[in-house]
file query_20.cif (mmCIF, C-alpha atoms)
data_my_file
#
loop_
_atom_site.group_PDB
_atom_site.id
_atom_site.type_symbol
_atom_site.label_atom_id
_atom_site.label_comp_id
_atom_site.auth_asym_id
_atom_site.auth_seq_id
_atom_site.Cartn_x
_atom_site.Cartn_y
_atom_site.Cartn_z
ATOM 1 C CA MET D 1 0.000 0.000 0.000
ATOM 2 C CA GLY D 2 1.268 3.426 -0.866
ATOM 3 C CA ASP D 3 0.828 6.798 0.775
ATOM 4 C CA HIS D 4 -2.448 8.700 0.877
ATOM 5 C CA ILE D 5 -2.889 12.433 1.240
ATOM 6 C CA GLU D 6 -6.249 14.142 1.502
ATOM 7 C CA LEU D 7 -7.122 17.826 1.190
ATOM 8 C CA GLU D 8 -10.413 19.545 1.896
ATOM 9 C CA VAL D 9 -10.583 22.743 -0.109
ATOM 10 C CA PRO D 10 -13.217 25.483 -0.400
ATOM 11 C CA ALA D 11 -15.008 25.227 -3.753
ATOM 12 C CA ARG D 12 -13.833 28.594 -4.997
ATOM 13 C CA PRO D 13 -11.798 29.503 -8.101
ATOM 14 C CA GLU D 14 -9.094 31.306 -6.115
ATOM 15 C CA PHE D 15 -8.049 27.965 -4.574
ATOM 16 C CA LEU D 16 -7.571 26.236 -7.925
ATOM 17 C CA ALA D 17 -3.942 27.306 -8.473
ATOM 18 C CA MET D 18 -3.134 26.175 -4.927
ATOM 19 C CA VAL D 19 -4.707 22.750 -5.489
ATOM 20 C CA ARG D 20 -2.778 22.066 -8.683
ATOM 21 C CA ALA D 21 0.468 23.284 -7.085
ATOM 22 C CA ILE D 22 -0.006 20.999 -4.072
ATOM 23 C CA VAL D 23 -1.006 17.959 -6.139
ATOM 24 C CA THR D 24 1.996 18.574 -8.398
ATOM 25 C CA LEU D 25 4.302 18.702 -5.367
ATOM 26 C CA ILE D 26 2.753 15.558 -3.913
ATOM 27 C CA ALA D 27 3.312 13.658 -7.161
ATOM 28 C CA GLU D 28 6.865 15.001 -7.527
ATOM 29 C CA THR D 29 7.670 14.043 -3.952
ATOM 30 C CA GLY D 30 5.956 10.683 -3.655
ATOM 31 C CA SER D 31 5.778 9.115 -7.108
ATOM 32 C CA LYS D 32 7.984 8.097 -10.003
ATOM 33 C CA LEU D 33 5.904 9.908 -12.614
ATOM 34 C CA PRO D 34 8.180 11.551 -15.193
ATOM 35 C CA SER D 35 7.899 15.289 -15.697
ATOM 36 C CA PRO D 36 5.570 15.169 -18.771
ATOM 37 C CA ARG D 37 3.131 12.933 -16.858
ATOM 38 C CA ILE D 38 3.208 15.318 -13.902
ATOM 39 C CA ASP D 39 2.265 18.101 -16.354
ATOM 40 C CA ASP D 40 -0.639 15.912 -17.522
ATOM 41 C CA LEU D 41 -1.719 15.339 -13.913
ATOM 42 C CA ARG D 42 -1.554 19.069 -13.184
ATOM 43 C CA LEU D 43 -3.932 19.828 -16.048
ATOM 44 C CA ALA D 44 -6.277 16.884 -15.379
ATOM 45 C CA VAL D 45 -6.609 17.822 -11.683
ATOM 46 C CA THR D 46 -7.297 21.433 -12.645
ATOM 47 C CA GLU D 47 -10.122 20.315 -14.947
ATOM 48 C CA ALA D 48 -11.610 18.014 -12.300
ATOM 49 C CA PHE D 49 -11.445 20.631 -9.553
ATOM 50 C CA ALA D 50 -12.916 23.305 -11.872
ATOM 51 C CA ASN D 51 -15.865 20.986 -12.622
ATOM 52 C CA ALA D 52 -16.331 20.430 -8.877
ATOM 53 C CA ILE D 53 -16.392 24.198 -8.303
ATOM 54 C CA ASP D 54 -19.008 24.559 -11.063
ATOM 55 C CA ALA D 55 -21.122 21.822 -9.462
ATOM 56 C CA GLU D 56 -20.972 23.483 -6.040
ATOM 57 C CA ARG D 57 -21.683 26.921 -7.551
ATOM 58 C CA ARG D 58 -25.054 25.678 -8.786
ATOM 59 C CA LYS D 59 -26.194 25.352 -5.160
ATOM 60 C CA PRO D 60 -27.367 28.217 -2.934
ATOM 61 C CA ASP D 61 -24.591 29.953 -0.948
ATOM 62 C CA GLY D 62 -25.377 28.361 2.398
ATOM 63 C CA GLU D 63 -25.384 24.814 1.028
ATOM 64 C CA ARG D 64 -22.003 24.847 -0.665
ATOM 65 C CA ARG D 65 -19.528 22.265 0.593
ATOM 66 C CA SER D 66 -15.787 21.896 0.328
ATOM 67 C CA VAL D 67 -14.232 19.725 -2.363
ATOM 68 C CA VAL D 68 -12.200 16.735 -1.192
ATOM 69 C CA VAL D 69 -9.039 15.917 -3.127
ATOM 70 C CA ARG D 70 -7.427 12.572 -2.282
ATOM 71 C CA CYS D 71 -4.086 11.484 -3.695
ATOM 72 C CA ASP D 72 -3.061 7.812 -3.647
ATOM 73 C CA LEU D 73 0.597 7.250 -4.391
ATOM 74 C CA GLU D 74 1.362 3.722 -5.548
ATOM 75 C CA PRO D 75 4.609 2.335 -6.956
ATOM 76 C CA ASP D 76 3.310 2.218 -10.521
ATOM 77 C CA PHE D 77 0.720 4.973 -10.624
ATOM 78 C CA VAL D 78 -0.840 8.029 -9.016
ATOM 79 C CA ALA D 79 -4.594 8.174 -8.472
ATOM 80 C CA VAL D 80 -6.323 11.430 -7.594
ATOM 81 C CA GLU D 81 -9.968 11.527 -6.591
ATOM 82 C CA VAL D 82 -11.897 14.812 -6.586
ATOM 83 C CA HIS D 83 -15.229 14.686 -4.785
ATOM 84 C CA ASP D 84 -17.936 17.325 -4.756
ATOM 85 C CA GLU D 85 -21.428 17.341 -3.306
ATOM 86 C CA GLY D 86 -22.830 19.252 -6.261
ATOM 87 C CA GLY D 87 -25.614 16.902 -7.251
ATOM 88 C CA GLY D 88 -23.862 14.767 -9.860
ATOM 89 C CA PHE D 89 -24.106 14.600 -13.656
ATOM 90 C CA ASP D 90 -24.003 12.056 -16.442
ATOM 91 C CA PRO D 91 -20.817 12.365 -18.520
ATOM 92 C CA ALA D 92 -22.319 9.990 -21.107
ATOM 93 C CA ALA D 93 -25.045 12.557 -21.778
ATOM 94 C CA LEU D 94 -22.559 15.189 -22.971
ATOM 95 C CA THR D 95 -22.921 16.190 -26.624
ATOM 96 C CA PRO D 96 -19.752 15.407 -28.587
ATOM 97 C CA HIS D 97 -18.185 18.443 -30.243
ATOM 98 C CA PRO D 98 -18.152 18.732 -34.026
ATOM 99 C CA ASP D 99 -14.797 18.129 -35.653
ATOM 100 C CA VAL D 100 -12.450 21.119 -35.395
ATOM 101 C CA THR D 101 -12.376 21.425 -39.187
ATOM 102 C CA LYS D 102 -16.089 22.330 -39.198
ATOM 103 C CA PRO D 103 -17.151 25.952 -38.622
ATOM 104 C CA ALA D 104 -19.770 24.693 -36.120
ATOM 105 C CA ARG D 105 -16.898 23.716 -33.814
ATOM 106 C CA LEU D 106 -16.489 27.369 -32.868
ATOM 107 C CA GLN D 107 -19.967 27.366 -31.322
ATOM 108 C CA PHE D 108 -18.556 25.302 -28.445
ATOM 109 C CA GLU D 109 -16.659 27.383 -25.896
ATOM 110 C CA ARG D 110 -17.275 24.975 -23.042
ATOM 111 C CA GLY D 111 -17.203 21.246 -22.554
ATOM 112 C CA LEU D 112 -13.544 20.736 -23.392
ATOM 113 C CA GLY D 113 -12.596 19.662 -19.871
ATOM 114 C CA ILE D 114 -13.808 16.059 -19.885
ATOM 115 C CA PRO D 115 -12.352 15.227 -23.330
ATOM 116 C CA LEU D 116 -9.074 16.729 -22.085
ATOM 117 C CA MET D 117 -9.143 14.580 -18.940
ATOM 118 C CA ARG D 118 -9.779 11.492 -21.078
ATOM 119 C CA GLU D 119 -6.721 12.281 -23.206
ATOM 120 C CA LEU D 120 -4.452 13.002 -20.254
ATOM 121 C CA THR D 121 -5.235 10.032 -18.003
ATOM 122 C CA ASP D 122 -4.742 6.285 -18.240
ATOM 123 C CA GLN D 123 -8.036 5.751 -16.456
ATOM 124 C CA LEU D 124 -10.907 8.172 -15.852
ATOM 125 C CA GLU D 125 -13.930 7.253 -13.807
ATOM 126 C CA PHE D 126 -17.015 9.180 -12.664
ATOM 127 C CA ARG D 127 -18.921 7.814 -9.691
ATOM 128 C CA HIS D 128 -22.117 9.102 -8.111
ATOM 129 C CA GLU D 129 -21.359 9.151 -4.407
ATOM 130 C CA GLY D 130 -23.191 10.804 -1.552
ATOM 131 C CA GLY D 131 -24.880 13.872 -2.970
ATOM 132 C CA GLY D 132 -22.415 14.427 -5.758
ATOM 133 C CA THR D 133 -19.666 13.123 -7.985
ATOM 134 C CA THR D 134 -16.261 11.583 -7.464
ATOM 135 C CA VAL D 135 -13.882 11.839 -10.397
ATOM 136 C CA ARG D 136 -10.982 9.394 -10.277
ATOM 137 C CA LEU D 137 -7.934 10.174 -12.393
ATOM 138 C CA VAL D 138 -5.233 7.537 -12.728
ATOM 139 C CA LEU D 139 -1.899 8.283 -14.344
ATOM 140 C CA THR D 140 0.921 5.793 -14.786
ATOM 141 C CA SER D 141 4.522 6.534 -15.651
ATOM 142 C CA HIS D 142 3.857 5.402 -19.203
ATOM 143 C CA LEU D 143 4.425 8.295 -21.603
ATOM 144 C CA ARG D 144 1.510 8.829 -23.934
ATOM 145 C CA GLY D 145 2.100 9.473 -27.613
ATOM 146 C CA MET B 1 -3.081 35.144 -8.682
ATOM 147 C CA GLU B 2 -3.576 37.735 -11.398
ATOM 148 C CA LEU B 3 -2.834 37.527 -15.088
ATOM 149 C CA GLY B 4 -0.452 39.971 -16.704
ATOM 150 C CA LEU B 5 -2.174 41.539 -19.715
ATOM 151 C CA VAL B 6 -0.211 44.072 -21.756
ATOM 152 C CA VAL B 7 -1.389 45.424 -25.113
ATOM 153 C CA ARG B 8 0.778 47.034 -27.757
ATOM 154 C CA GLU B 9 0.411 47.714 -31.460
ATOM 155 C CA GLN B 10 2.557 46.183 -34.152
ATOM 156 C CA ASP B 11 2.001 46.638 -37.894
ATOM 157 C CA GLY B 12 -1.720 47.245 -37.439
ATOM 158 C CA TRP B 13 -2.226 44.317 -35.073
ATOM 159 C CA ALA B 14 -3.132 44.580 -31.396
ATOM 160 C CA VAL B 15 -0.656 42.334 -29.579
ATOM 161 C CA LEU B 16 -1.845 41.112 -26.190
ATOM 162 C CA ALA B 17 1.021 39.659 -24.143
ATOM 163 C CA VAL B 18 -0.327 37.370 -21.430
ATOM 164 C CA SER B 19 1.687 36.198 -18.434
ATOM 165 C CA GLY B 20 0.768 33.897 -15.568
ATOM 166 C CA GLU B 21 -1.585 30.922 -15.341
ATOM 167 C CA ILE B 22 -4.969 30.863 -17.113
ATOM 168 C CA ASP B 23 -7.772 28.910 -15.445
ATOM 169 C CA ILE B 24 -11.328 29.579 -14.245
ATOM 170 C CA ALA B 25 -10.018 32.084 -11.699
ATOM 171 C CA THR B 26 -8.116 34.216 -14.200
ATOM 172 C CA ALA B 27 -9.832 33.529 -17.547
ATOM 173 C CA PRO B 28 -12.533 36.189 -16.977
ATOM 174 C CA SER B 29 -9.915 38.973 -17.063
ATOM 175 C CA LEU B 30 -8.520 37.573 -20.336
ATOM 176 C CA ARG B 31 -12.016 37.396 -21.812
ATOM 177 C CA GLU B 32 -12.769 40.952 -20.723
ATOM 178 C CA ARG B 33 -9.525 42.305 -22.215
ATOM 179 C CA LEU B 34 -9.961 40.512 -25.539
ATOM 180 C CA HIS B 35 -13.597 41.507 -25.939
ATOM 181 C CA GLY B 36 -12.567 45.031 -24.929
ATOM 182 C CA LEU B 37 -10.149 45.100 -27.878
ATOM 183 C CA LEU B 38 -12.917 44.000 -30.251
ATOM 184 C CA ALA B 39 -15.189 46.685 -28.796
ATOM 185 C CA GLU B 40 -12.443 49.226 -29.567
ATOM 186 C CA ASP B 41 -12.621 48.037 -33.181
ATOM 187 C CA LYS B 42 -9.300 46.217 -32.940
ATOM 188 C CA ARG B 43 -10.184 43.083 -34.844
ATOM 189 C CA GLN B 44 -6.690 41.937 -35.826
ATOM 190 C CA ILE B 45 -5.365 40.431 -32.609
ATOM 191 C CA VAL B 46 -2.242 38.475 -31.703
ATOM 192 C CA VAL B 47 -2.392 36.704 -28.345
ATOM 193 C CA ASP B 48 1.145 36.068 -27.130
ATOM 194 C CA LEU B 49 1.129 33.091 -24.733
ATOM 195 C CA ASP B 50 4.897 32.681 -24.405
ATOM 196 C CA ASP B 51 4.900 33.810 -20.769
ATOM 197 C CA VAL B 52 1.927 31.642 -19.829
ATOM 198 C CA GLY B 53 3.038 28.782 -17.609
ATOM 199 C CA PHE B 54 -0.286 27.000 -17.510
ATOM 200 C CA LEU B 55 -3.493 27.005 -19.531
ATOM 201 C CA ASP B 56 -6.659 24.904 -19.151
ATOM 202 C CA SER B 57 -9.866 24.278 -21.076
ATOM 203 C CA THR B 58 -11.451 27.481 -19.760
ATOM 204 C CA ALA B 59 -8.677 29.458 -21.439
ATOM 205 C CA LEU B 60 -9.256 27.573 -24.692
ATOM 206 C CA GLY B 61 -12.949 28.418 -24.411
ATOM 207 C CA VAL B 62 -12.142 32.115 -24.089
ATOM 208 C CA LEU B 63 -9.867 31.974 -27.135
ATOM 209 C CA VAL B 64 -12.463 30.046 -29.176
ATOM 210 C CA GLY B 65 -15.086 32.640 -28.209
ATOM 211 C CA VAL B 66 -12.981 35.612 -29.242
ATOM 212 C CA LEU B 67 -11.897 33.895 -32.474
ATOM 213 C CA LYS B 68 -15.537 33.251 -33.368
ATOM 214 C CA ARG B 69 -16.518 36.844 -32.673
ATOM 215 C CA ALA B 70 -13.492 38.309 -34.469
ATOM 216 C CA ARG B 71 -14.121 36.207 -37.596
ATOM 217 C CA SER B 72 -17.788 37.195 -37.591
ATOM 218 C CA GLU B 73 -16.563 40.805 -37.829
ATOM 219 C CA ASP B 74 -13.953 40.057 -40.543
ATOM 220 C CA GLY B 75 -11.193 40.024 -37.973
ATOM 221 C CA GLU B 76 -8.594 37.429 -37.038
ATOM 222 C CA VAL B 77 -6.930 36.075 -33.923
ATOM 223 C CA ARG B 78 -3.452 34.580 -34.085
ATOM 224 C CA ILE B 79 -1.693 32.795 -31.249
ATOM 225 C CA VAL B 80 2.002 32.896 -30.374
ATOM 226 C CA CYS B 81 2.923 29.792 -28.449
ATOM 227 C CA THR B 82 6.288 28.059 -28.278
ATOM 228 C CA GLN B 83 6.126 26.437 -24.844
ATOM 229 C CA PRO B 84 5.646 22.695 -25.375
ATOM 230 C CA ARG B 85 3.407 22.197 -22.337
ATOM 231 C CA VAL B 86 1.041 24.977 -23.483
ATOM 232 C CA ARG B 87 1.161 23.971 -27.141
ATOM 233 C CA LYS B 88 0.303 20.421 -26.143
ATOM 234 C CA VAL B 89 -3.086 21.585 -24.799
ATOM 235 C CA PHE B 90 -3.961 22.978 -28.250
ATOM 236 C CA GLU B 91 -2.737 19.770 -29.881
ATOM 237 C CA ILE B 92 -4.633 17.259 -27.763
ATOM 238 C CA THR B 93 -7.883 19.189 -28.190
ATOM 239 C CA ARG B 94 -7.031 19.511 -31.917
ATOM 240 C CA LEU B 95 -7.599 23.251 -31.634
ATOM 241 C CA ASP B 96 -4.167 23.740 -33.203
ATOM 242 C CA SER B 97 -6.002 23.306 -36.502
ATOM 243 C CA ALA B 98 -8.686 25.888 -35.629
ATOM 244 C CA PHE B 99 -6.157 28.560 -34.632
ATOM 245 C CA ASP B 100 -3.140 29.902 -36.432
ATOM 246 C CA LEU B 101 -0.249 29.152 -34.061
ATOM 247 C CA PHE B 102 3.044 30.984 -34.533
ATOM 248 C CA ASP B 103 6.505 30.897 -32.978
ATOM 249 C CA SER B 104 6.903 34.658 -32.568
ATOM 250 C CA VAL B 105 4.928 37.902 -32.658
ATOM 251 C CA ASP B 106 6.876 38.971 -35.767
ATOM 252 C CA GLU B 107 5.777 35.818 -37.586
ATOM 253 C CA ALA B 108 2.209 36.204 -36.387
ATOM 254 C CA VAL B 109 1.783 39.755 -37.681
ATOM 255 C CA ARG B 110 3.369 38.747 -40.987
ATOM 256 C CA GLY B 111 1.188 35.648 -41.115
ATOM 257 C CA ALA B 112 4.182 33.601 -42.160
ATOM 258 C CA ARG B 113 5.926 30.788 -40.390
ATOM 259 C CA GLU B 114 9.694 30.699 -40.807
#
call {"tool": "encode", "arguments": {"input": "query_20.cif", "output": "structure tokens"}}
result
Amino acid sequence: MGDHIELEVPARPEFLAMVRAIVTLIAETGSKLPSPRIDDLRLAVTEAFANAIDAERRKPDGERRSVVVRCDLEPDFVAVEVHDEGGGFDPAALTPHPDVTKPARLQFERGLGIPLMRELTDQLEFRHEGGGTTVRLVLTSHLRG
Amino acid sequence: MELGLVVREQDGWAVLAVSGEIDIATAPSLRERLHGLLAEDKRQIVVDLDDVGFLDSTALGVLVGVLKRARSEDGEVRIVCTQPRVRKVFEITRLDSAFDLFDSVDEAVRGARE
């Protein structure tokens, strides 16, 4: 069993840079991920935490909860789970974007985060838990083409 | 953390040099500055991302939005981006084919890659 580190962070945009800096440091300190994979983790965690903030923002002020970020450091991989209590969503229901060569592609300014996470991770999982969503990002040392 | 946003003119183009990290906390100031340029009738825009250490999907959304609006007004948005970790974000979303990416501001205003 590897090491586990858990953070509980207010669901506000100003904490996003702090979260990615801490998760980056955790992975640099406690894993064997090469630098390009740590860059991938940094971006994937940012996307997951930003989605959690969005989910919490949809609730009234007094009901907003913190986001829990849990890092599991194993010999062969790093897993980061980001949990919000924002009500959950169905990633399968997202409309795929048109191809970038089509003018209609420019109608889509949002919705790039989940496709990005899929590209950056070796495993991406969305679970409905409690009153919200847990996103699990797994990155191995394997460099992706 | 705030974004650095500095505008200058070069050969008829408004060049916006951005520095810092662009995410949901800082993207609104980028959006406001870019749409402000369009509102000032500056429709030929170069966004210089060479001093940007980090960029996420929110930043791409802002750039897609301003590109769409600029093109609808016969304008253009060109991106300067040489940092591999930032360029990679354009590549994996395939937005490198929607934007014109250049290696320097000089190349961007000339519209020619050396």
call {"tool": "resolve_selection", "arguments": {"input": "query_20.cif", "expression": "the PyMOL selection byres ((chain D and resi 119-130) around 9)", "output": "PyMOL selection string"}}
result
(chain D and resi 37+40-41+43-44+83-85+87-91+114-118+131-140+142+144) or (chain B and resi 92-93)
call {"tool": "write_last_selection", "arguments": {"input": "query_20.cif", "atoms": "C-alpha atoms", "output": "PDB file, in the frame of the given file"}}
result
ATOM      1  CA  ARG D  37       3.131  12.933 -16.858  1.00  0.00           C
ATOM      2  CA  ASP D  40      -0.639  15.912 -17.522  1.00  0.00           C
ATOM      3  CA  LEU D  41      -1.719  15.339 -13.913  1.00  0.00           C
ATOM      4  CA  LEU D  43      -3.932  19.828 -16.048  1.00  0.00           C
ATOM      5  CA  ALA D  44      -6.277  16.884 -15.379  1.00  0.00           C
ATOM      6  CA  HIS D  83     -15.229  14.686  -4.785  1.00  0.00           C
ATOM      7  CA  ASP D  84     -17.936  17.325  -4.756  1.00  0.00           C
ATOM      8  CA  GLU D  85     -21.428  17.341  -3.306  1.00  0.00           C
ATOM      9  CA  GLY D  87     -25.614  16.902  -7.251  1.00  0.00           C
ATOM     10  CA  GLY D  88     -23.862  14.767  -9.860  1.00  0.00           C
ATOM     11  CA  PHE D  89     -24.106  14.600 -13.656  1.00  0.00           C
ATOM     12  CA  ASP D  90     -24.003  12.056 -16.442  1.00  0.00           C
ATOM     13  CA  PRO D  91     -20.817  12.365 -18.520  1.00  0.00           C
ATOM     14  CA  ILE D 114     -13.808  16.059 -19.885  1.00  0.00           C
ATOM     15  CA  PRO D 115     -12.352  15.227 -23.330  1.00  0.00           C
ATOM     16  CA  LEU D 116      -9.074  16.729 -22.085  1.00  0.00           C
ATOM     17  CA  MET D 117      -9.143  14.580 -18.940  1.00  0.00           C
ATOM     18  CA  ARG D 118      -9.779  11.492 -21.078  1.00  0.00           C
ATOM     19  CA  GLY D 131     -24.880  13.872  -2.970  1.00  0.00           C
ATOM     20  CA  GLY D 132     -22.415  14.427  -5.758  1.00  0.00           C
ATOM     21  CA  THR D 133     -19.666  13.123  -7.985  1.00  0.00           C
ATOM     22  CA  THR D 134     -16.261  11.583  -7.464  1.00  0.00           C
ATOM     23  CA  VAL D 135     -13.882  11.839 -10.397  1.00  0.00           C
ATOM     24  CA  ARG D 136     -10.982   9.394 -10.277  1.00  0.00           C
ATOM     25  CA  LEU D 137      -7.934  10.174 -12.393  1.00  0.00           C
ATOM     26  CA  VAL D 138      -5.233   7.537 -12.728  1.00  0.00           C
ATOM     27  CA  LEU D 139      -1.899   8.283 -14.344  1.00  0.00           C
ATOM     28  CA  THR D 140       0.921   5.793 -14.786  1.00  0.00           C
ATOM     29  CA  HIS D 142       3.857   5.402 -19.203  1.00  0.00           C
ATOM     30  CA  ARG D 144       1.510   8.829 -23.934  1.00  0.00           C
TER      31      ARG D 144
ATOM     32  CA  ILE B  92      -4.633  17.259 -27.763  1.00  0.00           C
ATOM     33  CA  THR B  93      -7.883  19.189 -28.190  1.00  0.00           C
TER      34      THR B  93
END
call {"tool": "closest_atom_pairs", "arguments": {"input": "query_20.cif", "of": "chain B", "to": "chain D", "cutoff": "9 Å", "atoms": "all atoms listed in the file", "output": "CSV"}}
result
residue,atom,partner,partner_atom,distance
B:Met1,CA,D:Glu14,CA,7.6
B:Glu21,CA,D:Ala17,CA,8.1
B:Asp23,CA,D:Leu16,CA,8.0
B:Ile24,CA,D:Pro13,CA,6.2
B:Ala25,CA,D:Pro13,CA,4.8
B:Thr26,CA,D:Pro13,CA,8.5
B:Phe54,CA,D:Leu43,CA,8.2
B:Leu55,CA,D:Leu43,CA,8.0
B:Asp56,CA,D:Leu43,CA,6.5
B:Ser57,CA,D:Gly113,CA,5.5
B:Thr58,CA,D:Arg110,CA,7.1
B:Leu60,CA,D:Glu109,CA,7.5
B:Gly61,CA,D:Glu109,CA,4.1
B:Val62,CA,D:Glu109,CA,6.8
B:Leu63,CA,D:Glu109,CA,8.3
B:Val64,CA,D:Glu109,CA,6.0
B:Gly65,CA,D:Glu109,CA,6.0
B:Leu67,CA,D:Leu106,CA,8.0
B:Lys68,CA,D:Leu106,CA,6.0
B:Arg85,CA,D:Asp39,CA,7.3
B:Val89,CA,D:Leu116,CA,8.2
B:Ile92,CA,D:Glu119,CA,7.1
B:Thr93,CA,D:Leu116,CA,6.7
B:Arg94,CA,D:Val100,CA,6.6
B:Leu95,CA,D:Val100,CA,6.5
B:Asp96,CA,D:Val100,CA,9.0
B:Ser97,CA,D:Val100,CA,6.9
B:Ala98,CA,D:Val100,CA,6.1
call {"tool": "atom_distance", "arguments": {"input": "query_20.cif", "atom1": "atom CA of D:Val23", "atom2": "atom CA of B:Leu5"}}
result
27.2 Å
call {"tool": "residues_around", "arguments": {"input": "query_20.cif", "residues": "stretch 107-112 of chain B", "least_positions_apart": "3", "cutoff": "8 Å", "atoms": "all atoms listed in the file", "output": "list of chain:residue names"}}
result
B:Gln10, B:Asp11, B:Trp13, B:Val46, B:Arg78, B:Ile79, B:Val80, B:Leu101, B:Phe102, B:Asp103, B:Ser104
call {"tool": "axis_aligned_box", "arguments": {"input": "query_20.cif", "around": "stretch 78-90 of chain D", "padding_each_side": "6 Å", "output": "JSON"}}
result
{"center_x": -13.2, "center_y": 13.6, "center_z": -9.9, "size_x": 36.8, "size_y": 23.2, "size_z": 25.1}
call {"tool": "resolve_selection", "arguments": {"input": "query_20.cif", "expression": "the PyMOL selection byres ((chain B and resi 74) around 12)", "output": "number ranges by chain"}}
result
B: 38, 41-45, 67-73, 75-77
call {"tool": "atom_distance", "arguments": {"input": "query_20.cif", "atom1": "atom CA of B:Phe90", "atom2": "atom CA of B:Ala59"}}
result
10.5 Å
call {"tool": "resolve_selection", "arguments": {"input": "query_20.cif", "expression": "the PyMOL selection byres ((chain D and resi 68) around 7)", "output": "PyMOL selection string"}}
result
chain D and resi 7-9+66-67+69-70+82-84
call {"tool": "atom_distance", "arguments": {"input": "query_20.cif", "atom1": "atom CA of B:His35", "atom2": "atom CA of B:Val105"}}
result
20.0 Å
